[in-house]
Amino acid sequence: MSAATTSASQPPTDASALRWRLERYEQMVLIRQFETEAERQYKAARIGGYCHLSSGQEATTVGVLSAMRESDLLVAGYRCHGFALARGVPPNAVMAELFGRRDGCARGRGGSMHLLDAERGFFGGWGIVAGQLPVATGLALALVRQGRTAAVLCELGDGAVNMGAWHESLNLAALWQLPIVYLVINNAYGMGTSVERASAEPNLYKRAAAFAMHGERVDGDDLQAVSEAAGRLLTRAREQRLPAVLETLTYRYRGHSVADAGLAYRTREEISEHQASDPLIQTRTRLLADGAGEHELESIEHRALEAVAEAVRFAEASPQPELNTLARGVYAPGSSEQFARMRPGSAYGEERLVFDGGLGE
Amino acid sequence: MSAATTSASQPPTDASALRWRLERYEQMVLIRQFETEAERQYKAARIGGYCHLSSGQEATTVGVLSAMRESDLLVAGYRCHGFALARGVPPNAVMAELFGRRDGCARGRGGSMHLLDAERGFFGGWGIVAGQLPVATGLALALVRQGRTAAVLCELGDGAVNMGAWHESLNLAALWQLPIVYLVINNAYGMGTSVERASAEPNLYKRAAAFAMHGERVDGDDLQAVSEAAGRLLTRAREQRLPAVLETLTYRYRGHSVADAGLAYRTREEISEHQASDPLIQTRTRLLADGAGEHELESIEHRALEAVAEAVRFAEASPQPELNTLARGVYAPGSSEQFARMRPGSAYGEERLVFDGGLGE
Amino acid sequence: MSATVDWPTETMTYREALRLALREEMTRDERVFLMGEEVGVFDGSYKVSAGLLAEFGPERVRDTPISEEGFVGAGVGAAMLGERPVIEIMTINFLLVAMDQVVNHAAKVRAMFGGQVGCPLVIRTPNGAGNQLTAQHSQSFDGWFAGTPGLKVLAPSNPADAKGLLKAAIRDDDPVLVIENLPIYKEKGAVSLDPELLTPIGRATVARSGSDVTLVAHSFATVRCLAVADRLSERHDINAEVVDLRSLRPLDVETVAESVVRTNHVVCVEEGWPTYGVTAELAARVQNVCFDDLDAPVERVGLAEVPMPYAKNLELAALPGEDRIEAAVLHTLGAA
Amino acid sequence: MSATVDWPTETMTYREALRLALREEMTRDERVFLMGEEVGVFDGSYKVSAGLLAEFGPERVRDTPISEEGFVGAGVGAAMLGERPVIEIMTINFLLVAMDQVVNHAAKVRAMFGGQVGCPLVIRTPNGAGNQLTAQHSQSFDGWFAGTPGLKVLAPSNPADAKGLLKAAIRDDDPVLVIENLPIYKEKGAVSLDPELLTPIGRATVARSGSDVTLVAHSFATVRCLAVADRLSERHDINAEVVDLRSLRPLDVETVAESVVRTNHVVCVEEGWPTYGVTAELAARVQNVCFDDLDAPVERVGLAEVPMPYAKNLELAALPGEDRIEAAVLHTLGAA
Ligand SMILES: Cc1ncc(C[n+]2csc(CCOP(=O)(O)OP(=O)(O)O)c2C)c(N)n1
Ligand SMILES: Cc1ncc(C[n+]2csc(CCOP(=O)(O)OP(=O)(O)O)c2C)c(N)n1
Ligand SMILES: [Mg+2]
Ligand SMILES: [Mg+2]
């Protein structure tokens, strides 16, 4: 789990700092390249369903992940490619999932919105706005019950803060003192609706006060700032069981999903303004200023491109799931026995499709 | 509509003040006597279902209603006998509803939790915790669409503020600037759960800030204080379309419902402490001090007792709904025609029970 | 839907027919207004309401935050005061977060208070699967709502009924769920421009008449059945009748029975899970009312009983495709 | 449920049997914990968890705020990490506000992520009506959950199965909804004290054997059917067999079919609305698998299709009472 293991919960400040930042830069570039390729593959009809890209949000994704420990748990919404990659899920497994293949990190069952890697502590990849909040809150409760000194990082968008699930989850987390940080990625829009048109209190981090919970906001395009804030809040959560809200201000370059041109509700000017302070460029410029070599950066960028190209090759080579596995994994192993007497009179074709293939095997 | 019509939106401060307060006192006594009688009738098995009494909360109920105009709309939860009475629904119609009779204010269909009187602007009477909030918010939206200068008063309990429906409703009301005041009756418990064990922010009125909405708290046992605050917030809502939260601190004397002894989660001492500052006694004492005569007060109390006794007589005399009306009112008039082709093959007895009696007639 | 003499028909998509219904009713009745996520500035996530914000303004085409429970409930309240809210839920899957307002509030208003207040609310939402939208976004809960007294549930399968049923729903005095369908949005058909032409609620229609077997369906399953019917006549010289339910509540059992009495064989098809689904109710009623007319058991075809997998090949296998419907027909006729 | 030699049985109420199951499983497995409104200090709104807070402490008997969506979802998350949450929902009516977490999260976890993570969650909640609880509090959505792939749904009708099925649910590795019932809580019966005795999931049982007609039911409807069966033998010399489903998903169709093959007549009864309900699925399957064995159509009896009215006389008329069940039996036998 390269990403998570090599990262301390705080960006070191001594000599190793540059190396640490270069590693983060590589993750950011990898995510950007991956998203760009995903869009290309989607348009080539090799990826289907809803496909949400995070281009422009890399500093938030990588900054937060850089502050997580291997023992911490990650939960995200449907815009989750970057989180999976930053958590160390191999690009091959992510791309294979987008292709709906057997070697995908969700065995081809989940697709773009439902990535998961339990070994790496990444618990999805969820598609219902704010639906992941109660689940993530429960993961934090389990950490406490199991006496683990770890925290949950739960990502959500600016639009999700208007769902009732946000209110109920944060109240439970604060009331029960659960080790969880709710990361609100404020990318200015929920589909075509701006934050101001959706939230009566547009300073989203302030809503934490309704639960006597700490909330703060950072520049989501500033890698160091995000990493520092996330580190502080995650440590607080782990060690003092104090939940918090971290709002990061960033911007989504592409449409809501690949199907959305993303121009009906914002101007090209607005987009290019934000691209002027592109987190990748910001980070690159600082790295150069702080002594990183142009060559070094170029080789990093080249490695990222290579990794993405390799991921596409891998995904193409991976076989489709076998048809007789359609119902596998719907229930736990051994469940076929429980369903043995359900066959008669069921809908036509059901036996072959569901029962013969095995439900829990 | 005696109650609502005769009440100004502010308690007058001149000579008529005493008369105004005597009227309010009469409503408070009526509610207390009504609840006491309802419990007696419940134990005599003449009332069934869930029956929630509001004894102890009279100053809040009457104080808020005294500030409402006839054109304002009232929405409440299931603990609604007092609200119906204070709004001017005749005790006869309320008691008949509790008895499940034809002359009940909901035709014997709703019972204790689902009182309603559309003519008087009382829109229920709802049983799902916080479920009435989105509905009340929609009533406020309709007032705006219809260009009416009126507001909605929506009652809820301290336990209801932890439901997602609270969050979504208040955000919509603030975002759309709807004329509504959310009255949070903080009676210290939601069933057996104290406010501190349920809400991470126990100062419930502060939660309005999550929507950049005004919130405040008053002593719910002080008739004048409640009336003043409600009057101010309702005027603000009517004239400036500014929603608000009004939290009133009061106490429930009886169990959560008649079925609950109400002692598993609180002590007898705690109850008697609160009864020491009984809103009825408080109001009575002040009235005497301000020149009301003992005789006058006694005759008021006697009138209330008489009204309740008469309500019981009326309810007993009112006939049960006819069996062939079982399905009436399930759909709008004329719907029988739409359902005409649904009869064949339906469950046994369905025709007689549902179709023959008429669905919408 | 009976054609009219005075008004011409025009070929348009299901999506355009729905939009036309909305425009006509909003023009006719000031009380009608739209509410939902992205219905305005974004022109609707599936573009049904495209252009209506420009035409009617933000008060009548109201964008909402992501708060289904909140704004569905707001629709209930507004309807109780005589407004005619038409709410769009992006897909039926998201009604799960608003279930309480639909089932325990909208459906209860009229009866629970003794018939004193109505709730003329319309909720429009597409069901269905087919574009690898995966487990959380590929469902059809049609039967759950159709099994709720107090609600009316409609499910048009073509542009003409899409317009006629949505208009009937908006004019109806009860809460009506209009189930649209993702794959059909782009389908074209002839639609009458008569602003007064409604498709009657509670009336199924024979979409294709035949004599050998009756296929009963609603929504996209009707489209599948019509294709299968052609296939059956071409490949097997089987003449299938297709009954399009159009309404799930009220359910028009008579039209189904009249057909089965003639064909003696019936296959019920739905886009959702058949176990405890819409086809269960159909089978239950048909066997009861046509007991002596059936030459073979009522057969059902529906979505394989699994959360929808993402992989294209698995999704195709799970869907009630034409092959599975055809096989079911051959099976029931073979068993005759 | 097969009796054991070593362990004695004890007569206790359905409520006590559920409590015993909880106590035994909490003692056996540290991962098991209770969560819900009023389960602790208040001893449970229907007293099922009475005394457990005192015995196991607040970490294992966790009172929650009124936030069903929140704590049901918290149960899903805790279960994903290997805990064994047992959640109490006061009545099934309140599951409407948590529908999204049950149907679109708990039921999806395992399949949607390729079988990598499980969700061993138990949700206990009573269904049913009968105490004038009125429209919003008298419902039974049993079929909705039973129609959701990924969930398992159990519905015990007596104390012995209440204990055996709840224990089986807690030990099961999938999300299980255990539907209890308000009127049955106080019913008494013999319950084995064997802590290892489970009632098998997916197995119906013949609660009363007979030869003339088969009554199929679950939950409280089974209690009604047993009473009607006695009545039928006394008054009409009709020997009715009663099949208690116990599991709605998996559904044991074989046991039902084996009975119908012998009796050739069947009446399916449920406490909820029959249209699009549990009895619809039963009728659909029975007519299919027993087509040649049926001497009369499958009959159904259920709650009148209206939001439950408050008035006692109307509520009694709406419920699937013994008179209506008896009449349905006489009707189906008369039609033989
Ligand atoms: C309950 C629910 N309602 C609606 C949707 C459709 N939907 C998917 S993403 C989205 C916008 C979410 O915006 P935001 O929370 O800001 O996240 P972002 O897409 O910007 O990352 C909507 C409305 C959904 N998935 N779930
Ligand atoms: C969604 C939902 N969950 C649970 C219940 C059961 N219930 C009815 S009243 C109540 C307590 C509400 O307390 P509070 O809001 O403080 O109001 P109070 O009873 O004190 O007036 C509960 C849990 C319900 N009716 N609806
Ligand atoms: Mg956003
Ligand atoms: Mg309270």
# chains A, B, ... in the order shown; residues from 1 in each chain; ligands from 1
$ residues_around --residues "stretch 71-81 of chain D" --least-positions-apart "4" --cutoff "6 Å" --atoms "only C-alpha atoms" --output "list in words"
Pro134, Val135, Ala136, Thr137, Gly138, Leu139 and Ala142 of chain A; Pro85, Gln101, Ala106, Gly118, Cys119, Pro120 and Leu121 of chain D
$ residues_near_ligand --ligand "ligand 2" --cutoff "9 Å" --atoms "only C-alpha atoms and all ligand atoms" --output "ChimeraX atom specification"
/B:52-54,77-79,126-131,156-163,184-195,251-252,256-257 /C:100 /D:37-38,45,65-68,89-91,93-98,136-137
$ interface_residues --of "chain D" --to "chain B" --cutoff "9 Å" --atoms "only C-alpha atoms" --output "number ranges by chain"
D: 37-38, 41-43, 45, 63-70, 93-94, 97, 130-137, 274-275, 299-315, 317-318, 324-325, 327-328, 331
$ interface_residues --of "chain A" --to "chain B" --cutoff "10 Å" --atoms "only C-alpha atoms" --output "PyMOL selection string"
chain A and resi 161-177+196-213
$ select_by_dssp --residues "stretch 89-202 of chain B" --states "strand (DSSP E or B)" --output "PyMOL selection string"
chain B and resi 117+122-125+152-157+180-186+189-190+193-194
$ select_by_dssp --residues "stretch 170-276 of chain A" --states "alpha helix (DSSP H)" --output "ChimeraX atom specification"
/A:170-175,195-198,223-240,268-276
$ closest_residue --among "D:Ala129, D:Leu182, D:Val242, D:Leu248" --to "chain C" --atoms "only C-alpha atoms"
D:Leu248
$ residues_around --residues "B:Arg341" --least-positions-apart "4" --cutoff "9 Å" --atoms "only C-alpha atoms" --output "VMD selection string"
(chain B and resid 337) or (chain C and resid 202 to 203 250 to 255)
$ atom_distance --atom1 "atom CA of B:Glu239" --atom2 "atom CA of B:Glu216"
18.8 Å
$ atom_distance --atom1 "atom CA of A:His81" --atom2 "atom CA of C:Gly36"
28.4 Å
$ residues_around --residues "stretch 291-303 of chain A" --least-positions-apart "4" --cutoff "7 Å" --atoms "only C-alpha atoms" --output "NGL selection string"
:A and (26 or 29 or 287 or 307)
$ closest_residue --among "D:Met35, D:Met26, D:Leu151, D:Ala217" --to "chain C" --atoms "only C-alpha atoms"
D:Leu151
$ residues_around --residues "D:Ala155" --least-positions-apart "4" --cutoff "6 Å" --atoms "only C-alpha atoms" --output "JSON list (two decimals) with C-alpha atoms, in the first residue's frame"
[["chain", "number", "residue", "atom", "x", "y", "z"],
["D", 178, "VAL", "CA", -36.82, -10.05, 11.57],
["D", 179, "ILE", "CA", -40.45, -9.00, 11.49],
["D", 219, "SER", "CA", -46.67, -13.70, 11.41],
["D", 246, "ARG", "CA", -41.64, -18.31, 8.85]]
$ residues_around --residues "D:Arg62" --least-positions-apart "3" --cutoff "6 Å" --atoms "only C-alpha atoms" --output "list of chain:residue names"
D:Leu34, D:Met35, D:Pro58, D:Glu59
$ write_last_selection --atoms "N, CA, C and O atoms" --output "mmCIF file, in the first residue's frame"
data_model
loop_
_atom_site.group_PDB
_atom_site.id
_atom_site.type_symbol
_atom_site.label_atom_id
_atom_site.label_comp_id
_atom_site.auth_asym_id
_atom_site.auth_seq_id
_atom_site.Cartn_x
_atom_site.Cartn_y
_atom_site.Cartn_z
ATOM 1 N N LEU D 34 -26.915 -4.178 20.736
ATOM 2 C CA LEU D 34 -28.237 -3.644 20.384
ATOM 3 C C LEU D 34 -28.168 -2.141 20.196
ATOM 4 O O LEU D 34 -27.406 -1.458 20.878
ATOM 5 N N MET D 35 -28.969 -1.640 19.287
ATOM 6 C CA MET D 35 -29.001 -0.213 19.013
ATOM 7 C C MET D 35 -30.430 0.139 18.612
ATOM 8 O O MET D 35 -31.066 -0.615 17.869
ATOM 9 N N PRO D 58 -24.184 0.084 28.648
ATOM 10 C CA PRO D 58 -24.572 1.018 27.584
ATOM 11 C C PRO D 58 -23.795 0.866 26.275
ATOM 12 O O PRO D 58 -24.267 1.305 25.231
ATOM 13 N N GLU D 59 -22.625 0.211 26.316
ATOM 14 C CA GLU D 59 -21.887 0.030 25.057
ATOM 15 C C GLU D 59 -22.526 -1.054 24.200
ATOM 16 O O GLU D 59 -22.411 -1.049 22.976
#
$ atom_distance --atom1 "atom CA of C:Val261" --atom2 "atom CA of C:Asp292"
8.8 Å
